[in-house]
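Below is query.cif, which holds mmCIF, C-alpha atoms.
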```
data_my_file
loop_
_atom_site.group_PDB
_atom_site.id
_atom_site.type_symbol
_atom_site.label_atom_id
_atom_site.label_comp_id
_atom_site.auth_asym_id
_atom_site.auth_seq_id
_atom_site.Cartn_x
_atom_site.Cartn_y
_atom_site.Cartn_z
ATOM 1 C CA MET A 9 23.642 -29.096 -160.122
ATOM 2 C CA ALA A 10 24.614 -26.516 -157.517
ATOM 3 C CA ARG A 11 24.656 -23.778 -160.162
ATOM 4 C CA ARG A 12 21.188 -24.843 -161.360
ATOM 5 C CA THR A 13 19.861 -24.713 -157.779
ATOM 6 C CA GLU A 14 21.400 -21.303 -157.226
ATOM 7 C CA GLU A 15 19.820 -20.005 -160.453
ATOM 8 C CA LEU A 16 16.376 -21.328 -159.489
ATOM 9 C CA ALA A 17 16.662 -19.812 -156.006
ATOM 10 C CA ALA A 18 17.639 -16.409 -157.412
ATOM 11 C CA ARG A 19 14.828 -16.555 -159.943
ATOM 12 C CA GLY A 20 12.313 -17.489 -157.266
ATOM 13 C CA LEU A 21 13.510 -14.642 -155.047
ATOM 14 C CA MET A 22 13.139 -12.149 -157.894
ATOM 15 C CA ILE A 23 9.634 -13.382 -158.726
ATOM 16 C CA PHE A 24 8.617 -13.211 -155.069
ATOM 17 C CA SER A 25 10.032 -9.688 -154.657
ATOM 18 C CA SER A 26 8.315 -8.469 -157.825
ATOM 19 C CA ALA A 27 5.003 -10.030 -156.811
ATOM 20 C CA LEU A 28 5.275 -8.486 -153.334
ATOM 21 C CA ILE A 29 5.905 -5.006 -154.743
ATOM 22 C CA VAL A 30 3.006 -5.308 -157.184
ATOM 23 C CA ALA A 31 0.719 -6.603 -154.421
ATOM 24 C CA VAL A 32 1.571 -3.704 -152.110
ATOM 25 C CA LEU A 33 1.035 -1.218 -154.933
ATOM 26 C CA LEU A 34 -2.335 -2.730 -155.808
ATOM 27 C CA MET A 35 -3.379 -2.665 -152.139
ATOM 28 C CA ILE A 36 -2.520 1.025 -151.873
ATOM 29 C CA ILE A 37 -4.371 1.880 -155.092
ATOM 30 C CA TYR A 38 -7.367 -0.236 -154.053
ATOM 31 C CA SER A 39 -7.646 1.446 -150.646
ATOM 32 C CA ILE A 40 -7.420 4.902 -152.218
ATOM 33 C CA LEU A 41 -10.021 4.147 -154.886
ATOM 34 C CA LYS A 42 -12.370 2.363 -152.476
ATOM 35 C CA LYS A 43 -12.510 5.308 -150.074
ATOM 36 C CA GLY A 44 -11.983 8.115 -152.561
ATOM 37 C CA ILE A 45 -14.230 7.446 -155.543
ATOM 38 C CA PRO A 46 -17.529 7.606 -153.581
ATOM 39 C CA SER A 47 -16.538 11.076 -152.319
ATOM 40 C CA LEU A 48 -15.212 12.304 -155.661
ATOM 41 C CA THR A 49 -17.742 14.727 -157.112
ATOM 42 C CA LEU A 50 -17.775 17.410 -159.769
ATOM 43 C CA GLU A 51 -18.136 19.976 -156.997
ATOM 44 C CA MET A 52 -14.782 18.936 -155.512
ATOM 45 C CA ILE A 53 -12.970 19.498 -158.791
ATOM 46 C CA THR A 54 -14.666 22.723 -159.899
ATOM 47 C CA GLN A 55 -15.048 24.717 -156.669
ATOM 48 C CA THR A 56 -12.783 26.247 -154.071
ATOM 49 C CA PRO A 57 -13.400 25.572 -150.357
ATOM 50 C CA LYS A 58 -16.418 27.337 -148.933
ATOM 51 C CA GLY A 59 -17.029 28.251 -145.321
ATOM 52 C CA GLY A 60 -16.836 25.140 -143.192
ATOM 53 C CA PHE A 61 -15.364 22.947 -145.949
ATOM 54 C CA TYR A 62 -12.951 21.374 -143.480
ATOM 55 C CA PHE A 63 -15.900 20.597 -141.210
ATOM 56 C CA GLY A 64 -17.706 18.594 -143.875
ATOM 57 C CA LYS A 65 -19.638 21.362 -145.600
ATOM 58 C CA GLU A 66 -19.745 22.423 -149.264
ATOM 59 C CA GLY A 67 -16.835 23.373 -151.487
ATOM 60 C CA GLY A 68 -13.994 21.674 -153.322
ATOM 61 C CA ILE A 69 -10.236 21.532 -153.822
ATOM 62 C CA LEU A 70 -9.880 23.492 -157.053
ATOM 63 C CA ASN A 71 -7.462 25.817 -155.252
ATOM 64 C CA ALA A 72 -5.173 22.885 -154.437
ATOM 65 C CA ILE A 73 -5.339 21.479 -157.982
ATOM 66 C CA ILE A 74 -4.492 24.829 -159.585
ATOM 67 C CA GLY A 75 -1.868 25.552 -156.919
ATOM 68 C CA SER A 76 -0.149 22.207 -157.537
ATOM 69 C CA LEU A 77 -0.055 22.860 -161.276
ATOM 70 C CA TYR A 78 1.301 26.392 -160.780
ATOM 71 C CA LEU A 79 3.969 25.142 -158.395
ATOM 72 C CA SER A 80 5.036 22.120 -160.433
ATOM 73 C CA VAL A 81 5.111 23.907 -163.795
ATOM 74 C CA GLY A 82 7.115 26.810 -162.345
ATOM 75 C CA ALA A 83 9.573 24.512 -160.564
ATOM 76 C CA THR A 84 9.996 22.315 -163.648
ATOM 77 C CA LEU A 85 10.694 25.319 -165.892
ATOM 78 C CA MET A 86 13.228 26.609 -163.366
ATOM 79 C CA ALA A 87 14.947 23.215 -163.133
ATOM 80 C CA LEU A 88 14.974 22.853 -166.936
ATOM 81 C CA SER A 89 16.488 26.310 -167.488
ATOM 82 C CA ILE A 90 19.373 25.372 -165.175
ATOM 83 C CA GLY A 91 19.580 21.635 -165.718
ATOM 84 C CA LEU A 92 19.716 21.545 -169.527
ATOM 85 C CA PRO A 93 22.785 23.833 -169.814
ATOM 86 C CA VAL A 94 24.538 21.912 -167.006
ATOM 87 C CA ALA A 95 23.884 18.553 -168.695
ATOM 88 C CA ILE A 96 25.088 19.942 -172.036
ATOM 89 C CA PHE A 97 28.207 21.369 -170.359
ATOM 90 C CA MET A 98 28.975 17.954 -168.847
ATOM 91 C CA ASN A 99 28.634 16.216 -172.223
ATOM 92 C CA THR A 100 30.469 18.760 -174.399
ATOM 93 C CA TRP A 101 33.065 20.878 -172.589
ATOM 94 C CA LEU A 102 33.918 18.148 -170.055
ATOM 95 C CA LEU A 103 34.123 15.259 -172.511
ATOM 96 C CA ASN A 104 37.804 14.611 -171.751
ATOM 97 C CA ARG A 105 37.572 15.168 -167.989
ATOM 98 C CA LYS A 106 36.016 11.904 -166.897
ATOM 99 C CA ARG A 107 36.988 12.191 -163.228
ATOM 100 C CA LEU A 108 35.393 15.604 -162.865
ATOM 101 C CA VAL A 109 32.220 14.476 -164.664
ATOM 102 C CA ASN A 110 31.982 11.367 -162.483
ATOM 103 C CA ALA A 111 32.423 13.527 -159.370
ATOM 104 C CA ILE A 112 29.605 15.823 -160.544
ATOM 105 C CA ARG A 113 27.360 12.837 -161.224
ATOM 106 C CA PHE A 114 28.131 11.368 -157.811
ATOM 107 C CA THR A 115 27.290 14.692 -156.149
ATOM 108 C CA LEU A 116 24.021 14.941 -158.063
ATOM 109 C CA ASP A 117 23.117 11.389 -157.034
ATOM 110 C CA LEU A 118 23.725 12.343 -153.405
ATOM 111 C CA LEU A 119 21.545 15.437 -153.764
ATOM 112 C CA TRP A 120 18.879 13.282 -155.417
ATOM 113 C CA GLY A 121 18.766 11.142 -152.267
ATOM 114 C CA VAL A 122 18.425 14.026 -149.808
ATOM 115 C CA PRO A 123 14.903 14.001 -148.252
ATOM 116 C CA SER A 124 12.695 16.788 -149.555
ATOM 117 C CA ILE A 125 11.939 18.026 -146.052
ATOM 118 C CA ILE A 126 15.610 19.033 -145.754
ATOM 119 C CA TYR A 127 15.175 21.321 -148.758
ATOM 120 C CA GLY A 128 12.039 22.728 -147.168
ATOM 121 C CA ALA A 129 13.748 23.313 -143.817
ATOM 122 C CA ILE A 130 16.730 25.052 -145.439
ATOM 123 C CA GLY A 131 14.422 27.155 -147.593
ATOM 124 C CA PHE A 132 12.361 28.096 -144.537
ATOM 125 C CA THR A 133 15.524 29.117 -142.644
ATOM 126 C CA VAL A 134 16.669 31.308 -145.537
ATOM 127 C CA MET A 135 13.203 32.868 -145.750
ATOM 128 C CA ILE A 136 13.302 33.786 -142.059
ATOM 129 C CA LEU A 137 16.785 35.307 -142.357
ATOM 130 C CA MET A 138 15.761 37.376 -145.392
ATOM 131 C CA GLY A 139 12.352 38.328 -144.032
ATOM 132 C CA PHE A 140 10.340 36.582 -146.761
ATOM 133 C CA ARG A 141 6.837 35.222 -146.218
ATOM 134 C CA THR A 142 5.429 31.928 -147.451
ATOM 135 C CA SER A 143 4.484 32.273 -151.098
ATOM 136 C CA LEU A 144 4.141 30.515 -154.426
ATOM 137 C CA LEU A 145 7.538 31.897 -155.500
ATOM 138 C CA ALA A 146 9.279 30.450 -152.434
ATOM 139 C CA GLY A 147 7.710 27.065 -153.132
ATOM 140 C CA ILE A 148 8.749 27.172 -156.790
ATOM 141 C CA ILE A 149 12.353 27.921 -155.836
ATOM 142 C CA VAL A 150 12.563 25.172 -153.195
ATOM 143 C CA VAL A 151 10.838 22.517 -155.323
ATOM 144 C CA GLY A 152 12.912 23.623 -158.330
ATOM 145 C CA LEU A 153 16.118 23.036 -156.366
ATOM 146 C CA PHE A 154 14.732 19.735 -155.110
ATOM 147 C CA ILE A 155 14.029 18.350 -158.602
ATOM 148 C CA LEU A 156 17.117 19.931 -160.210
ATOM 149 C CA PRO A 157 19.395 16.876 -159.614
ATOM 150 C CA ILE A 158 16.690 14.660 -161.111
ATOM 151 C CA MET A 159 16.456 16.878 -164.176
ATOM 152 C CA ILE A 160 20.227 17.041 -164.723
ATOM 153 C CA ARG A 161 20.855 13.325 -164.257
ATOM 154 C CA ALA A 162 17.940 12.288 -166.473
ATOM 155 C CA ILE A 163 19.076 14.567 -169.314
ATOM 156 C CA ASP A 164 22.688 13.494 -168.746
ATOM 157 C CA GLU A 165 21.774 9.811 -169.061
ATOM 158 C CA ALA A 166 19.946 10.554 -172.305
ATOM 159 C CA MET A 167 22.929 12.428 -173.729
ATOM 160 C CA LYS A 168 25.347 9.694 -172.674
ATOM 161 C CA THR A 169 23.621 7.324 -175.084
ATOM 162 C CA SER A 170 24.191 9.552 -178.107
ATOM 163 C CA PRO A 171 26.669 8.015 -180.589
ATOM 164 C CA PRO A 172 30.266 9.239 -180.063
ATOM 165 C CA GLY A 173 30.639 9.619 -183.808
ATOM 166 C CA LEU A 174 27.927 12.259 -183.790
ATOM 167 C CA THR A 175 30.004 14.492 -181.510
ATOM 168 C CA GLU A 176 33.210 13.901 -183.471
ATOM 169 C CA ALA A 177 31.512 14.590 -186.804
ATOM 170 C CA SER A 178 29.912 17.796 -185.509
ATOM 171 C CA LEU A 179 33.197 19.152 -184.153
ATOM 172 C CA SER A 180 35.058 18.189 -187.345
ATOM 173 C CA LEU A 181 32.530 20.238 -189.350
ATOM 174 C CA GLY A 182 33.457 23.338 -187.365
ATOM 175 C CA LEU A 183 30.566 23.528 -184.905
ATOM 176 C CA THR A 184 31.296 25.152 -181.595
ATOM 177 C CA ARG A 185 30.614 23.224 -178.405
ATOM 178 C CA SER A 186 27.575 25.411 -177.740
ATOM 179 C CA GLU A 187 26.168 24.584 -181.171
ATOM 180 C CA LEU A 188 27.014 20.923 -180.600
ATOM 181 C CA GLY A 189 25.102 20.919 -177.324
ATOM 182 C CA PHE A 190 22.011 22.939 -178.189
ATOM 183 C CA LYS A 191 21.620 22.201 -181.908
ATOM 184 C CA VAL A 192 22.820 18.602 -182.131
ATOM 185 C CA LEU A 193 22.692 16.812 -178.770
ATOM 186 C CA ALA A 194 19.522 18.539 -177.584
ATOM 187 C CA ARG A 195 17.712 17.600 -180.815
ATOM 188 C CA GLN A 196 19.075 14.062 -180.835
ATOM 189 C CA CYS A 197 18.037 13.521 -177.219
ATOM 190 C CA PHE A 198 14.768 15.472 -177.330
ATOM 191 C CA PRO A 199 12.539 12.523 -176.284
ATOM 192 C CA GLY A 200 14.908 11.886 -173.365
ATOM 193 C CA ILE A 201 14.681 15.538 -172.353
ATOM 194 C CA VAL A 202 10.879 15.337 -172.460
ATOM 195 C CA THR A 203 11.066 12.252 -170.247
ATOM 196 C CA ALA A 204 13.282 14.144 -167.777
ATOM 197 C CA ILE A 205 10.771 17.006 -167.713
ATOM 198 C CA LEU A 206 7.861 14.658 -167.021
ATOM 199 C CA LEU A 207 9.736 12.759 -164.304
ATOM 200 C CA SER A 208 10.707 16.010 -162.583
ATOM 201 C CA PHE A 209 7.171 17.357 -162.903
ATOM 202 C CA GLY A 210 5.733 14.190 -161.379
ATOM 203 C CA ARG A 211 8.170 14.324 -158.476
ATOM 204 C CA GLY A 212 7.376 17.981 -157.866
ATOM 205 C CA ILE A 213 3.584 17.700 -157.964
ATOM 206 C CA GLY A 214 3.555 14.815 -155.508
ATOM 207 C CA ASP A 215 5.876 16.271 -152.879
ATOM 208 C CA ALA A 216 4.524 17.686 -149.627
ATOM 209 C CA ALA A 217 7.506 17.997 -147.305
ATOM 210 C CA SER A 218 9.437 20.644 -149.252
ATOM 211 C CA VAL A 219 6.398 22.940 -149.570
ATOM 212 C CA LEU A 220 5.126 22.460 -146.029
ATOM 213 C CA PHE A 221 7.200 25.392 -144.751
ATOM 214 C CA THR A 222 7.513 27.502 -147.882
ATOM 215 C CA THR A 223 4.223 27.850 -149.791
ATOM 216 C CA GLY A 224 1.818 28.193 -146.884
ATOM 217 C CA PHE A 225 -1.828 27.287 -147.439
ATOM 218 C CA THR A 226 -4.896 29.188 -148.570
ATOM 219 C CA ASP A 227 -8.446 28.543 -149.736
ATOM 220 C CA HIS A 228 -8.000 30.912 -152.678
ATOM 221 C CA ILE A 229 -6.338 30.477 -156.066
ATOM 222 C CA PRO A 230 -3.157 32.622 -156.107
ATOM 223 C CA THR A 231 -3.063 35.522 -158.533
ATOM 224 C CA SER A 232 0.590 36.455 -157.989
ATOM 225 C CA LEU A 233 3.866 34.813 -157.039
ATOM 226 C CA SER A 234 3.933 36.615 -153.681
ATOM 227 C CA GLN A 235 0.731 34.967 -152.446
ATOM 228 C CA PRO A 236 0.576 31.641 -150.568
ATOM 229 C CA THR A 237 -0.919 28.669 -152.356
ATOM 230 C CA ALA A 238 -2.466 25.308 -151.568
ATOM 231 C CA THR A 239 -1.250 22.031 -153.046
ATOM 232 C CA LEU A 240 -2.873 18.624 -153.333
ATOM 233 C CA PRO A 241 -0.445 16.831 -150.972
ATOM 234 C CA LEU A 242 -0.995 19.442 -148.264
ATOM 235 C CA ALA A 243 -4.766 19.388 -148.816
ATOM 236 C CA ILE A 244 -4.684 15.616 -148.302
ATOM 237 C CA PHE A 245 -2.517 15.992 -145.202
ATOM 238 C CA PHE A 246 -4.746 18.586 -143.547
ATOM 239 C CA GLN A 247 -7.976 16.735 -144.349
ATOM 240 C CA LEU A 248 -6.674 13.411 -143.047
ATOM 241 C CA ALA A 249 -5.902 15.132 -139.738
ATOM 242 C CA SER A 250 -9.598 15.993 -139.313
ATOM 243 C CA PRO A 251 -11.699 13.877 -136.909
ATOM 244 C CA ILE A 252 -14.732 14.213 -139.226
ATOM 245 C CA PRO A 253 -15.219 11.070 -141.394
ATOM 246 C CA GLU A 254 -16.602 13.006 -144.377
ATOM 247 C CA VAL A 255 -13.523 15.236 -144.461
ATOM 248 C CA LYS A 256 -11.243 12.192 -144.316
ATOM 249 C CA ASN A 257 -13.114 10.645 -147.247
ATOM 250 C CA ARG A 258 -12.564 13.865 -149.188
ATOM 251 C CA ALA A 259 -8.846 13.463 -148.494
ATOM 252 C CA TYR A 260 -8.960 10.092 -150.244
ATOM 253 C CA ALA A 261 -10.846 11.706 -153.129
ATOM 254 C CA ALA A 262 -8.042 14.266 -153.427
ATOM 255 C CA ALA A 263 -5.572 11.366 -153.324
ATOM 256 C CA VAL A 264 -7.412 9.786 -156.275
ATOM 257 C CA ILE A 265 -6.954 12.987 -158.281
ATOM 258 C CA LEU A 266 -3.255 13.193 -157.377
ATOM 259 C CA THR A 267 -2.730 9.498 -158.157
ATOM 260 C CA LEU A 268 -4.363 9.853 -161.576
ATOM 261 C CA LEU A 269 -2.185 12.877 -162.379
ATOM 262 C CA ILE A 270 1.010 11.055 -161.413
ATOM 263 C CA LEU A 271 -0.112 7.930 -163.292
ATOM 264 C CA LEU A 272 -0.735 9.984 -166.426
ATOM 265 C CA ILE A 273 2.679 11.623 -166.115
ATOM 266 C CA SER A 274 4.345 8.221 -165.609
ATOM 267 C CA LEU A 275 2.649 6.806 -168.710
ATOM 268 C CA LEU A 276 3.739 9.801 -170.770
ATOM 269 C CA ALA A 277 7.304 9.431 -169.462
ATOM 270 C CA ARG A 278 7.321 5.738 -170.382
ATOM 271 C CA PHE A 279 5.938 6.536 -173.845
ATOM 272 C CA PHE A 280 8.679 9.064 -174.585
ATOM 273 C CA THR A 281 11.337 6.754 -173.120
ATOM 274 C CA ASN A 282 10.308 3.916 -175.430
ATOM 275 C CA LYS A 283 10.156 6.308 -178.366
ATOM 276 C CA TYR A 284 13.637 7.557 -177.529
ATOM 277 C CA ARG A 285 15.028 4.023 -177.385
ATOM 278 C CA LYS A 286 13.508 3.139 -180.750
ATOM 279 C CA GLN A 287 15.014 6.250 -182.331
ATOM 280 C CA SER A 288 18.424 5.409 -180.812
ATOM 281 C CA ILE A 289 18.253 1.867 -182.214
ATOM 282 C CA LYS A 290 17.319 3.135 -185.687
ATOM 283 C CA PHE A 291 20.145 5.620 -185.585
#
```

Translate the structure of the given file into structure tokens.
Amino acid sequence: MARRTEELAARGLMIFSSALIVAVLLMIIYSILKKGIPSLTLEMITQTPKGGFYFGKEGGILNAIIGSLYLSVGATLMALSIGLPVAIFMNTWLLNRKRLVNAIRFTLDLLWGVPSIIYGAIGFTVMILMGFRTSLLAGIIVVGLFILPIMIRAIDEAMKTSPPGLTEASLSLGLTRSELGFKVLARQCFPGIVTAILLSFGRGIGDAASVLFTTGFTDHIPTSLSQPTATLPLAIFFQLASPIPEVKNRAYAAAVILTLLILLISLLARFFTNKYRKQSIKF
């Protein structure tokens, strides 16, 4: 009887917690859509800010949309070029060194939990010491380092699920560990790698704190890595700080665009995750 009561209480608590999270999420989405959709126009998406845009006049946020894509794609490519070899190294060369691998994973989990503004502050300090100015390149580097632990751990978790017999069979056939990692594991875990890329991209495009000090802000679309760039989170932040109601409504419109981008990325990540699981089960 006591066990049955305990089970019902735990189940009720889980249902309540899930319903509360869903309700809060729906409230946030509803408030964004309610205030943002009426101000969302084709002009906002296709034009850069004109004179007086932040005082309620004409123009759009095309510069922030393009800047966010530039920044996120560059940071994701940087994180992938570093994270994929590290994850492969952990799952091939360090197969028999469990303590070291667990220590690396623990360190990556700690780095994953570090607030993004810490990365931005450290990057800003390094920029001052080296005499660099705010730029798209600085933002790519800082955001790339910020999402790197996410990239490594996501790919690592995908590779951990690969069948042990696959590794043993590959090595017994004479494959080197590099060939095992890049030609066997990477192909076997390709949907998981795509999921890691999408998760990292979504985290990068939605972050504001790490780029607040490093990318700067401009009304123009950058044409080189040395130029500052605008991003959607910063555009939302600056417009919400305005006392003009029309400008604040445009901030919610920008939030609608950012929310739709992140939602699309999340759906794609879930699609590839499910596809990966089905392939693993078939294997």

Evaluate the PyMOL selection byres ((chain A and resi 74) around 9) against this structure - the residues, as JSON, numbers by chain, please. {"A": [69, 70, 71, 72, 73, 75, 76, 77, 78, 79, 229, 230, 237, 238, 239, 240]}

Explicit residues for the PyMOL selection byres ((chain A and resi 214-219) around 6) (as a ChimeraX atom specification): /A:124-125,127-128,147,211-213,220-223,241-242

Could you please determine the separation between atom CA of Phe154 of chain A and atom CA of Leu272 of chain A in Å, to one decimal place? 21.5 Å

Within 10 Å of file point (-14.4, 14.0, -156.2), counting only C-alpha atoms, expressed as a compact mmCIF listing (two decimals) with C-alpha atoms, keeping the file's coordinate frame:
```txt
# COMPACT_ATOMS: atom_id res chain seq x y z
CA GLY A 44 -11.98 8.12 -152.56
CA ILE A 45 -14.23 7.45 -155.54
CA PRO A 46 -17.53 7.61 -153.58
CA SER A 47 -16.54 11.08 -152.32
CA LEU A 48 -15.21 12.30 -155.66
CA THR A 49 -17.74 14.73 -157.11
CA LEU A 50 -17.77 17.41 -159.77
CA GLU A 51 -18.14 19.98 -157.00
CA MET A 52 -14.78 18.94 -155.51
CA ILE A 53 -12.97 19.50 -158.79
CA THR A 54 -14.67 22.72 -159.90
CA GLY A 68 -13.99 21.67 -153.32
CA ILE A 69 -10.24 21.53 -153.82
CA ASN A 257 -13.11 10.64 -147.25
CA ARG A 258 -12.56 13.86 -149.19
CA ALA A 259 -8.85 13.46 -148.49
CA TYR A 260 -8.96 10.09 -150.24
CA ALA A 261 -10.85 11.71 -153.13
CA ALA A 262 -8.04 14.27 -153.43
CA ALA A 263 -5.57 11.37 -153.32
CA VAL A 264 -7.41 9.79 -156.28
CA ILE A 265 -6.95 12.99 -158.28
```

Residues matched by the PyMOL selection byres ((chain A and resi 173-180) around 10) as number ranges by chain: A: 99-100, 103, 170-172, 181-185, 187-189, 192-193, 196

Within 12 Å of segment 85-89 of chain A, counting all atoms listed in the file, which residues show up once you throw out same-chain ones fewer than 5 positions away? Write them as number ranges by chain, please. A: 77-80, 94-96, 145, 147-163, 201-209, 212

So which one's closest to Gly59 of chain A, A:Arg278, A:His228, A:Lys256, A:Lys168? Using all atoms listed in the file, please. A:His228

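Distances from A:Ala166, A:Leu41, A:Cys197, A:Ala83 to Ala146 of chain A were compared using all atoms listed in the file, and the smallest one belongs to A:Ala83.
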
Please give the centre and size of the box around segment 262-269 of chain A (axis-aligned, containing every atom listed in the file, 8 Å added per side), with values in Å to one decimal and written as lines of an AutoDock Vina configuration file.
```
center_x = -5.1
center_y = 11.9
center_z = -157.9
size_x = 21.9
size_y = 20.8
size_z = 25.1
```

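The coordinates place atom CA of Leu275 of chain A at 22.6 Å from atom CA of Leu92 of chain A.
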
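Pairwise distance (atom CA of Asp164 of chain A, atom CA of Phe114 of chain A) equals 12.4 Å.
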
Using all atoms listed in the file, the residue out of A:Lys65, A:Met167, A:Gly224, A:Leu33 with shortest distance to Arg195 of chain A is A:Met167

A:Arg11, A:Lys191, A:Arg107, A:Arg113 ranked by distance to Glu165 of chain A, top pick (using only C-alpha atoms): A:Arg113

Could I get segment 159-177 of chain A rebuilt with N, CA, C and O atoms, written as a PDB file, in the frame of the given file?
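Saved to selection_25.pdb:
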```pdb
ATOM      1  N   MET A 159      16.462  16.352-162.813  1.00  0.00           N
ATOM      2  CA  MET A 159      16.456  16.878-164.176  1.00  0.00           C
ATOM      3  C   MET A 159      17.826  16.712-164.835  1.00  0.00           C
ATOM      4  O   MET A 159      17.929  16.215-165.977  1.00  0.00           O
ATOM      5  N   ILE A 160      18.881  17.101-164.134  1.00  0.00           N
ATOM      6  CA  ILE A 160      20.227  17.041-164.723  1.00  0.00           C
ATOM      7  C   ILE A 160      20.630  15.604-165.028  1.00  0.00           C
ATOM      8  O   ILE A 160      21.113  15.291-166.125  1.00  0.00           O
ATOM      9  N   ARG A 161      20.419  14.704-164.059  1.00  0.00           N
ATOM     10  CA  ARG A 161      20.855  13.325-164.257  1.00  0.00           C
ATOM     11  C   ARG A 161      20.047  12.621-165.349  1.00  0.00           C
ATOM     12  O   ARG A 161      20.590  11.815-166.112  1.00  0.00           O
ATOM     13  N   ALA A 162      18.763  12.917-165.433  1.00  0.00           N
ATOM     14  CA  ALA A 162      17.940  12.288-166.473  1.00  0.00           C
ATOM     15  C   ALA A 162      18.374  12.747-167.863  1.00  0.00           C
ATOM     16  O   ALA A 162      18.493  11.941-168.789  1.00  0.00           O
ATOM     17  N   ILE A 163      18.615  14.056-168.020  1.00  0.00           N
ATOM     18  CA  ILE A 163      19.076  14.567-169.314  1.00  0.00           C
ATOM     19  C   ILE A 163      20.485  14.053-169.607  1.00  0.00           C
ATOM     20  O   ILE A 163      20.809  13.692-170.750  1.00  0.00           O
ATOM     21  N   ASP A 164      21.323  13.988-168.583  1.00  0.00           N
ATOM     22  CA  ASP A 164      22.688  13.494-168.746  1.00  0.00           C
ATOM     23  C   ASP A 164      22.694  12.049-169.228  1.00  0.00           C
ATOM     24  O   ASP A 164      23.461  11.682-170.128  1.00  0.00           O
ATOM     25  N   GLU A 165      21.842  11.208-168.639  1.00  0.00           N
ATOM     26  CA  GLU A 165      21.774   9.811-169.061  1.00  0.00           C
ATOM     27  C   GLU A 165      21.304   9.691-170.504  1.00  0.00           C
ATOM     28  O   GLU A 165      21.758   8.809-171.241  1.00  0.00           O
ATOM     29  N   ALA A 166      20.396  10.576-170.912  1.00  0.00           N
ATOM     30  CA  ALA A 166      19.946  10.554-172.305  1.00  0.00           C
ATOM     31  C   ALA A 166      21.075  10.951-173.247  1.00  0.00           C
ATOM     32  O   ALA A 166      21.256  10.341-174.310  1.00  0.00           O
ATOM     33  N   MET A 167      21.842  11.960-172.868  1.00  0.00           N
ATOM     34  CA  MET A 167      22.929  12.428-173.729  1.00  0.00           C
ATOM     35  C   MET A 167      24.099  11.463-173.760  1.00  0.00           C
ATOM     36  O   MET A 167      24.838  11.410-174.750  1.00  0.00           O
ATOM     37  N   LYS A 168      24.271  10.680-172.697  1.00  0.00           N
ATOM     38  CA  LYS A 168      25.347   9.694-172.674  1.00  0.00           C
ATOM     39  C   LYS A 168      25.152   8.610-173.716  1.00  0.00           C
ATOM     40  O   LYS A 168      26.119   7.979-174.154  1.00  0.00           O
ATOM     41  N   THR A 169      23.907   8.383-174.112  1.00  0.00           N
ATOM     42  CA  THR A 169      23.621   7.324-175.084  1.00  0.00           C
ATOM     43  C   THR A 169      23.753   7.790-176.534  1.00  0.00           C
ATOM     44  O   THR A 169      23.590   6.983-177.445  1.00  0.00           O
ATOM     45  N   SER A 170      24.020   9.064-176.732  1.00  0.00           N
ATOM     46  CA  SER A 170      24.191   9.552-178.107  1.00  0.00           C
ATOM     47  C   SER A 170      25.480   8.972-178.696  1.00  0.00           C
ATOM     48  O   SER A 170      26.475   8.812-177.994  1.00  0.00           O
ATOM     49  N   PRO A 171      25.487   8.636-179.969  1.00  0.00           N
ATOM     50  CA  PRO A 171      26.669   8.015-180.589  1.00  0.00           C
ATOM     51  C   PRO A 171      27.896   8.938-180.517  1.00  0.00           C
ATOM     52  O   PRO A 171      27.786  10.133-180.818  1.00  0.00           O
ATOM     53  N   PRO A 172      29.054   8.409-180.114  1.00  0.00           N
ATOM     54  CA  PRO A 172      30.266   9.239-180.063  1.00  0.00           C
ATOM     55  C   PRO A 172      30.620   9.836-181.421  1.00  0.00           C
ATOM     56  O   PRO A 172      31.151  10.954-181.496  1.00  0.00           O
ATOM     57  N   GLY A 173      30.321   9.112-182.477  1.00  0.00           N
ATOM     58  CA  GLY A 173      30.639   9.619-183.808  1.00  0.00           C
ATOM     59  C   GLY A 173      29.875  10.881-184.145  1.00  0.00           C
ATOM     60  O   GLY A 173      30.343  11.705-184.946  1.00  0.00           O
ATOM     61  N   LEU A 174      28.709  11.056-183.538  1.00  0.00           N
ATOM     62  CA  LEU A 174      27.927  12.259-183.790  1.00  0.00           C
ATOM     63  C   LEU A 174      28.658  13.491-183.275  1.00  0.00           C
ATOM     64  O   LEU A 174      28.720  14.527-183.943  1.00  0.00           O
ATOM     65  N   THR A 175      29.245  13.377-182.087  1.00  0.00           N
ATOM     66  CA  THR A 175      30.004  14.492-181.510  1.00  0.00           C
ATOM     67  C   THR A 175      31.251  14.782-182.334  1.00  0.00           C
ATOM     68  O   THR A 175      31.562  15.943-182.649  1.00  0.00           O
ATOM     69  N   GLU A 176      31.979  13.722-182.701  1.00  0.00           N
ATOM     70  CA  GLU A 176      33.210  13.901-183.471  1.00  0.00           C
ATOM     71  C   GLU A 176      32.918  14.511-184.837  1.00  0.00           C
ATOM     72  O   GLU A 176      33.648  15.410-185.298  1.00  0.00           O
ATOM     73  N   ALA A 177      31.852  14.051-185.486  1.00  0.00           N
ATOM     74  CA  ALA A 177      31.512  14.590-186.804  1.00  0.00           C
ATOM     75  C   ALA A 177      31.098  16.055-186.705  1.00  0.00           C
ATOM     76  O   ALA A 177      31.463  16.874-187.566  1.00  0.00           O
TER      77      ALA A 177
END
```
